[in-house]
$ cat entry_34.txt   # compact mmCIF, C-alpha atoms
# COMPACT_ATOMS: atom_id res chain seq x y z
CA MET A 1419 66.23 82.16 89.71
CA ALA A 1420 64.42 80.83 86.64
CA GLY A 1421 64.91 77.24 87.67
CA ALA A 1422 64.40 77.58 91.40
CA ARG A 1423 61.33 75.32 91.32
CA ASN A 1424 61.96 73.32 88.17
CA LYS A 1425 65.05 71.19 87.54
CA ARG A 1426 64.32 70.94 83.81
CA VAL A 1427 64.22 74.72 83.48
CA GLN A 1428 67.30 75.06 85.66
CA ASP A 1429 69.23 72.77 83.31
CA LEU A 1430 68.54 75.18 80.44
CA PHE A 1431 70.89 77.76 82.00
CA LYS A 1432 74.58 76.95 82.37
CA TYR A 1433 78.00 78.59 82.37
CA PHE A 1434 80.51 78.41 79.55
CA ASN A 1435 82.71 76.06 81.56
CA ASN A 1436 79.95 73.46 82.08
CA TYR A 1437 80.69 71.62 78.83
CA VAL A 1438 84.05 70.00 79.58
CA GLY A 1439 83.84 66.50 78.16
CA ALA A 1440 80.30 66.97 76.80
CA GLU A 1441 79.22 64.70 73.96
CA PRO A 1442 79.36 66.22 70.46
CA ARG A 1443 76.00 67.53 69.20
CA ASP A 1444 74.38 66.80 72.55
CA LEU A 1445 72.20 69.91 72.09
CA ASP A 1446 70.14 71.13 69.16
CA VAL A 1447 70.99 74.78 69.90
CA ILE A 1448 73.21 76.58 72.39
CA ILE A 1449 72.87 80.36 72.78
CA CYS A 1450 75.98 81.92 74.32
CA ASP A 1451 75.12 85.37 75.63
CA GLU A 1452 77.93 87.78 76.58
CA ALA A 1453 80.16 85.61 74.38
CA HIS A 1454 82.96 88.20 74.49
CA ARG A 1455 83.62 86.72 77.95
CA VAL A 1456 84.56 83.28 76.60
CA ARG A 1457 87.88 82.16 78.13
CA GLU A 1458 90.81 80.25 76.70
CA THR A 1459 89.94 77.16 78.75
CA SER A 1460 87.19 75.91 81.07
CA VAL A 1461 89.75 74.61 83.55
CA ASN A 1462 90.18 76.47 86.85
CA ARG A 1463 91.86 75.77 90.18
CA TRP A 1464 88.89 73.63 91.34
CA SER A 1465 88.87 71.40 88.24
CA SER A 1466 89.50 67.72 88.82
CA ALA A 1467 92.32 65.81 87.17
CA GLU A 1468 89.74 64.09 84.94
CA GLN A 1469 88.28 67.43 83.84
CA ARG A 1470 91.75 68.78 83.11
CA ALA A 1471 92.51 65.74 80.96
CA ARG A 1472 89.29 66.12 78.94
CA ALA A 1473 89.30 69.90 78.59
CA ARG A 1474 89.92 71.60 75.25
CA ARG A 1475 89.74 75.24 74.22
CA GLN A 1476 86.49 76.60 75.60
CA ILE A 1477 85.34 77.97 72.25
CA GLU A 1478 85.74 74.51 70.70
CA GLU A 1479 83.72 72.88 73.50
CA LEU A 1480 80.86 75.34 72.97
CA ILE A 1481 80.85 74.91 69.19
CA ASP A 1482 80.98 71.11 69.28
CA VAL A 1483 78.25 70.56 71.90
CA ALA A 1484 75.40 71.79 69.64
CA TRP A 1485 74.20 71.44 66.07
CA VAL A 1486 73.63 75.20 66.02
CA PRO A 1487 75.89 77.27 68.31
CA VAL A 1488 74.90 80.96 68.54
CA PHE A 1489 77.25 83.60 69.96
CA LEU A 1490 76.01 87.06 70.99
CA LEU A 1491 78.90 89.40 71.60
CA ASP A 1492 80.29 92.92 71.64
CA GLU A 1493 84.06 92.94 71.34
CA ASN A 1494 84.17 96.37 73.01
CA GLN A 1495 82.85 94.84 76.23
CA ILE A 1496 85.92 92.71 76.94
CA VAL A 1497 87.03 94.09 80.32
CA ARG A 1498 89.28 91.43 81.89
CA PRO A 1499 92.46 89.63 80.83
CA GLY A 1500 91.67 86.16 79.56
CA GLU A 1501 88.37 87.11 77.94
CA MET A 1502 88.79 86.28 74.27
CA GLY A 1503 85.38 86.00 72.61
CA SER A 1504 85.73 87.70 69.23
CA LEU A 1505 84.60 87.18 65.66
CA GLN A 1506 88.16 86.23 64.72
CA GLU A 1507 88.43 83.55 67.45
CA ILE A 1508 84.97 82.12 66.78
CA GLY A 1509 85.54 82.13 63.03
CA ALA A 1510 88.86 80.31 63.35
CA ALA A 1511 87.36 77.64 65.62
CA ALA A 1512 84.28 77.20 63.41
CA ALA A 1513 86.36 76.76 60.27
CA ALA A 1514 87.00 73.14 61.20
CA GLY A 1515 83.48 72.05 60.28
CA CYS A 1516 80.79 74.73 60.59
CA ASP A 1517 79.13 77.11 58.21
CA LEU A 1518 79.58 80.56 59.77
CA GLU A 1519 76.91 83.23 59.44
CA VAL A 1520 77.54 86.71 60.86
CA ILE A 1521 74.58 88.96 61.66
CA ARG A 1522 75.32 92.55 62.68
CA LEU A 1523 72.94 93.71 65.42
CA ASP A 1524 73.00 97.45 64.76
CA GLY A 1525 69.76 98.36 66.56
CA GLN A 1526 70.13 100.16 69.86
CA PHE A 1527 67.58 99.53 72.59
CA ARG A 1528 69.60 100.52 75.64
CA CYS A 1529 70.44 104.16 76.37
CA GLY A 1530 66.87 105.17 75.60
CA GLY A 1531 67.24 103.68 72.13
CA SER A 1532 69.70 106.44 71.22
CA GLN A 1533 71.98 105.28 68.43
CA ALA A 1534 73.41 108.80 68.46
CA PHE A 1535 74.63 108.38 72.04
CA ASP A 1536 76.17 104.99 71.31
CA THR A 1537 78.11 106.57 68.43
CA TRP A 1538 79.06 109.58 70.57
CA VAL A 1539 80.52 107.29 73.27
CA ALA A 1540 82.51 105.28 70.73
CA ARG A 1541 83.96 108.47 69.27
CA LEU A 1542 84.67 109.93 72.71
CA LEU A 1543 86.66 106.87 73.81
CA GLY A 1544 88.54 106.31 70.56
CA LEU A 1545 86.57 103.17 69.65
CA HIS A 1546 85.35 104.73 66.40
CA PRO A 1547 87.39 105.87 63.37
CA LEU A 1548 85.98 109.40 63.66
CA PRO A 1549 87.26 111.78 66.39
CA PRO A 1550 85.21 112.93 69.41
CA ILE A 1551 82.46 115.47 68.82
CA ALA A 1552 80.35 117.66 71.09
CA TRP A 1553 77.03 116.03 71.92
CA SER A 1554 75.17 119.20 70.90
CA ASP A 1555 76.85 119.11 67.48
CA LEU A 1556 76.09 115.43 66.95
CA ILE A 1557 72.38 115.35 67.71
CA ALA A 1558 71.39 118.67 66.05
CA GLY A 1559 67.89 118.38 67.48
CA SER A 1560 67.38 114.77 66.36
CA ASP A 1561 67.63 113.12 69.79
CA ASP A 1562 66.00 115.56 72.19
CA ASP A 1563 64.67 112.80 74.46
CA PHE A 1564 68.18 111.84 75.59
CA ARG A 1565 70.17 113.92 78.06
CA VAL A 1566 73.96 114.21 78.19
CA THR A 1567 75.78 116.63 80.46
CA SER A 1568 78.96 116.91 82.52
CA ALA A 1569 79.34 117.81 86.19
CA ALA A 1570 81.95 119.89 87.95
CA SER A 1571 82.16 117.53 90.92
CA PRO A 1572 80.84 114.19 92.18
CA SER A 1573 78.42 116.00 94.52
CA ALA A 1574 77.04 117.98 91.58
CA LEU A 1575 76.68 114.74 89.62
CA GLU A 1576 74.81 113.12 92.51
CA SER A 1577 72.52 116.14 92.90
CA TRP A 1578 71.72 116.07 89.18
CA LEU A 1579 70.75 112.40 89.36
CA ILE A 1580 68.55 112.98 92.41
CA ALA A 1581 66.78 115.81 90.57
CA ARG A 1582 66.17 113.59 87.53
CA ARG A 1583 64.64 110.88 89.71
CA GLU A 1584 62.38 113.34 91.49
CA GLU A 1585 61.27 115.11 88.31
CA GLN A 1586 60.95 112.21 85.88
CA GLY A 1587 61.20 109.02 87.92
CA GLY A 1588 63.16 105.94 86.98
CA THR A 1589 66.31 104.42 88.40
CA ALA A 1590 69.64 106.20 88.79
CA ARG A 1591 73.11 104.98 89.71
CA ILE A 1592 76.67 106.25 89.99
CA ALA A 1593 79.46 104.02 88.68
CA ALA A 1594 83.20 104.62 88.50
CA GLY A 1595 86.43 103.18 87.25
CA TYR A 1596 88.01 100.74 89.71
CA CYS A 1597 90.49 103.30 91.10
CA TRP A 1598 89.97 103.05 94.87
CA ARG A 1599 90.47 100.16 97.25
CA TRP A 1600 87.40 98.04 97.94
CA SER A 1601 87.23 97.21 101.63
CA ASP A 1602 85.24 94.52 103.37
CA PRO A 1603 82.35 95.80 105.51
CA VAL A 1604 83.27 96.80 109.07
CA GLU A 1605 81.50 96.03 112.32
CA THR A 1606 80.43 99.09 114.33
CA PRO A 1607 78.33 99.52 117.49
CA ALA A 1608 75.43 100.37 115.18
CA GLY A 1609 75.96 97.24 113.08
CA ARG A 1610 77.82 96.22 109.94
CA ARG A 1611 78.36 98.97 107.39
CA LEU A 1612 80.16 99.65 104.12
CA VAL A 1613 83.40 101.66 104.10
CA ASP A 1614 83.57 105.01 102.25
CA ASP A 1615 86.42 103.93 99.97
CA VAL A 1616 85.61 106.23 97.04
CA GLN A 1617 87.02 109.59 98.13
CA ILE A 1618 87.16 112.62 95.83
CA GLY A 1619 87.86 115.76 97.79
CA GLU A 1620 85.29 115.91 100.56
CA TRP A 1621 82.88 113.59 98.73
CA LEU A 1622 82.88 110.12 100.28
CA ARG A 1623 80.85 107.10 99.20
CA PRO A 1624 81.20 103.30 99.52
CA TRP A 1625 81.44 100.80 96.72
CA ASN A 1626 78.46 98.48 96.47
CA ALA A 1627 78.52 95.45 98.76
CA LYS A 1628 80.99 92.76 97.75
CA GLU A 1629 79.71 89.41 96.55
CA GLY A 1630 78.87 87.29 99.57
CA LYS A 1631 79.23 90.23 102.00
CA ARG A 1632 75.75 91.13 103.23
CA VAL A 1633 75.21 94.56 104.76
CA PRO A 1634 71.93 95.87 106.23
CA ASP A 1635 70.16 98.45 104.05
CA ALA A 1636 72.40 97.68 101.05
CA PRO A 1637 71.49 95.25 98.26
CA ILE A 1638 73.74 92.30 97.50
CA SER A 1639 76.00 92.87 94.49
CA ASP A 1640 73.66 91.00 92.10
CA PHE A 1641 70.92 93.56 92.72
CA TRP A 1642 72.91 96.79 93.05
CA ALA A 1643 71.71 98.03 89.65
CA SER A 1644 68.03 97.26 90.23
CA ASP A 1645 67.36 97.59 93.98
CA ASP A 1646 66.38 101.14 95.04
CA ARG A 1647 68.84 100.91 97.93
CA GLY A 1648 71.74 100.76 95.46
CA PHE A 1649 71.73 104.50 94.84
CA GLY A 1650 73.83 105.29 97.91
CA GLN A 1651 76.80 103.22 96.71
CA VAL A 1652 79.18 103.49 93.76
CA GLY A 1653 79.12 100.59 91.32
CA CYS A 1654 81.94 99.33 89.12
CA VAL A 1655 82.03 97.53 85.79
CA TYR A 1656 81.45 94.14 87.45
CA THR A 1657 78.13 95.18 89.00
CA ALA A 1658 77.02 97.39 86.08
CA GLN A 1659 77.84 95.17 83.09
CA GLY A 1660 74.74 93.46 81.74
CA PHE A 1661 72.30 95.68 83.64
CA GLU A 1662 70.67 99.01 82.90
CA TYR A 1663 69.14 102.00 84.66
CA ASP A 1664 67.49 105.19 83.44
CA TRP A 1665 69.99 107.80 84.65
CA ALA A 1666 73.69 106.93 84.66
CA GLY A 1667 76.36 108.96 86.40
CA VAL A 1668 79.92 107.95 85.47
CA ILE A 1669 83.07 108.99 87.32
CA PHE A 1670 86.25 108.78 85.24
CA GLY A 1671 88.99 107.76 87.65
CA PRO A 1672 92.73 108.46 87.41
CA ASP A 1673 93.25 105.21 85.47
CA PHE A 1674 92.07 106.91 82.25
CA VAL A 1675 92.78 110.62 81.89
CA ARG A 1676 92.42 113.11 79.07
CA ARG A 1677 95.62 114.97 78.18
CA GLY A 1678 95.50 117.31 75.24
CA ASP A 1679 93.54 115.66 72.47
CA SER A 1680 94.11 112.05 73.55
CA TRP A 1681 93.42 109.58 76.35
CA GLU A 1682 96.21 108.26 78.54
CA PRO A 1683 95.71 105.00 80.48
CA ILE A 1684 97.48 105.09 83.86
CA GLN A 1685 98.09 101.51 84.94
CA LYS A 1686 99.41 102.33 88.42
CA SER A 1687 96.14 104.08 89.30
CA SER A 1688 94.03 100.95 88.82
CA HIS A 1689 92.97 98.92 91.86
CA ASP A 1690 91.72 96.03 89.73
CA GLN A 1691 94.55 93.57 90.31
CA ALA A 1692 93.66 91.26 87.40
CA VAL A 1693 93.49 94.14 84.89
CA LYS A 1694 96.51 95.87 86.38
CA ARG A 1695 98.71 92.86 85.56
CA ALA A 1696 97.94 93.07 81.83
CA ASP A 1697 100.64 94.32 79.47
CA PRO A 1698 100.34 98.11 78.78
CA LEU A 1699 98.74 97.75 75.35
CA HIS A 1700 96.17 95.23 76.59
CA PHE A 1701 95.49 97.38 79.67
CA ALA A 1702 94.71 100.38 77.48
CA GLY A 1703 92.09 98.39 75.55
CA LEU A 1704 90.50 96.96 78.69
CA ILE A 1705 90.18 100.41 80.29
CA ARG A 1706 88.56 101.91 77.19
CA ASN A 1707 86.08 99.06 77.15
CA THR A 1708 85.41 99.47 80.87
CA TYR A 1709 84.28 103.07 80.44
CA LYS A 1710 82.33 102.12 77.32
CA VAL A 1711 80.34 99.66 79.45
CA LEU A 1712 79.80 102.19 82.26
CA LEU A 1713 78.59 104.88 79.86
CA THR A 1714 76.19 102.62 77.99

$ encode --input "entry_34.txt" --output "structure tokens"
Amino acid sequence: MAGARNKRVQDLFKYFNNYVGAEPRDLDVIICDEAHRVRETSVNRWSSAEQRARARRQIEELIDVAWVPVFLLDENQIVRPGEMGSLQEIGAAAAAGCDLEVIRLDGQFRCGGSQAFDTWVARLLGLHPLPPIAWSDLIAGSDDDFRVTSAASPSALESWLIARREEQGGTARIAAGYCWRWSDPVETPAGRRLVDDVQIGEWLRPWNAKEGKRVPDAPISDFWASDDRGFGQVGCVYTAQGFEYDWAGVIFGPDFVRRGDSWEPIQKSSHDQAVKRADPLHFAGLIRNTYKVLLT
């Protein structure tokens, strides 16, 4: 979008896998956002034989292409197998010839700027050394501008979000763990429509439109989180990650259930085929991170 009318601007924005065979120090600075999504290699099934021959580890390509490589990352946002951007991986790759400086970005600007909520989520999901705590006990009157509540049903959750929009404005969305099939749109006499795949009791809603599958009155997947028409669909981690909205409803699916005083990941309940194929320990980490992303 930024470079739609300007090739020079367009060339400023690239993907991690665009630097296969790039010349060393070709750039002064490269800023790698969402660096936790760095992969092992830039090679994929469409790569040419020449690219395959020149490819190295992706992290090494990104470090070597610039005098100053900058990586912005959150290790608790790794949500797919093969994503490997971490301080340990970057540090090991940089040790060959770079001075490494680590800056901890502790400020919280999402979630209404509530550091308390960010901590509460980490404790809830077992991503923090301290155990879960009731939201009311944590804030003790210090974060009254932020609202956290639970709902007895998806319909109650939806009603609560509608009320917040009507009373206070802003955007609202419902997202869920990837625990239901995700159908292609269907053709009906009235036109193409989304399928109500997310079914919880009598509550039925569709996932957001798939990438490349246009449906009237529904935004394309890139704009589900920001287009007003996205409220009628359920988003998943792939359409929510990297975006934000004012009121967030999160449905915990049967892939991550609370039993007693601990969480239990249920691999067979996932419909995300890539994540489902991970080994059990890796799956557990990916699912925790998925709900961390949805909640924040």

$ residues_around --input "entry_34.txt" --residues "range 1526-1530 of chain A" --least-positions-apart "5" --cutoff "8 Å" --atoms "all atoms listed in the file" --output "VMD selection string"
chain A and resid 1535 to 1536 1564 1662 1664 1714

$ write_last_selection --input "entry_34.txt" --atoms "C-alpha atoms" --output "mmCIF file, keeping the file's coordinate frame"
data_model
loop_
_atom_site.group_PDB
_atom_site.id
_atom_site.type_symbol
_atom_site.label_atom_id
_atom_site.label_comp_id
_atom_site.auth_asym_id
_atom_site.auth_seq_id
_atom_site.Cartn_x
_atom_site.Cartn_y
_atom_site.Cartn_z
ATOM 1 C CA PHE A 1535 74.630 108.380 72.040
ATOM 2 C CA ASP A 1536 76.170 104.990 71.310
ATOM 3 C CA PHE A 1564 68.180 111.840 75.590
ATOM 4 C CA GLU A 1662 70.670 99.010 82.900
ATOM 5 C CA ASP A 1664 67.490 105.190 83.440
ATOM 6 C CA THR A 1714 76.190 102.620 77.990
#

$ atom_distance --input "entry_34.txt" --atom1 "CA of Arg1695 in chain A" --atom2 "CA of Met1502 in chain A"
16.4 Å

$ residues_near_point --input "entry_34.txt" --point "(82.9, 95.5, 109.0)" --cutoff "12 Å" --atoms "only C-alpha atoms" --output "list in words"
Ser1601, Asp1602, Pro1603, Val1604, Glu1605, Thr1606, Pro1607, Ala1608, Gly1609, Arg1610, Arg1611, Leu1612, Val1613, Asp1614, Ala1627, Lys1628, Lys1631, Arg1632, Val1633 and Pro1634 of chain A

$ atom_distance --input "entry_34.txt" --atom1 "CA of Val1616 in chain A" --atom2 "CA of Thr1589 in chain A"
21.2 Å

$ closest_residue --input "entry_34.txt" --among "A:Pro1487, A:Pro1550, A:Gly1619, A:Gly1667" --to "Ser1680 in chain A" --atoms "only C-alpha atoms"
A:Pro1550
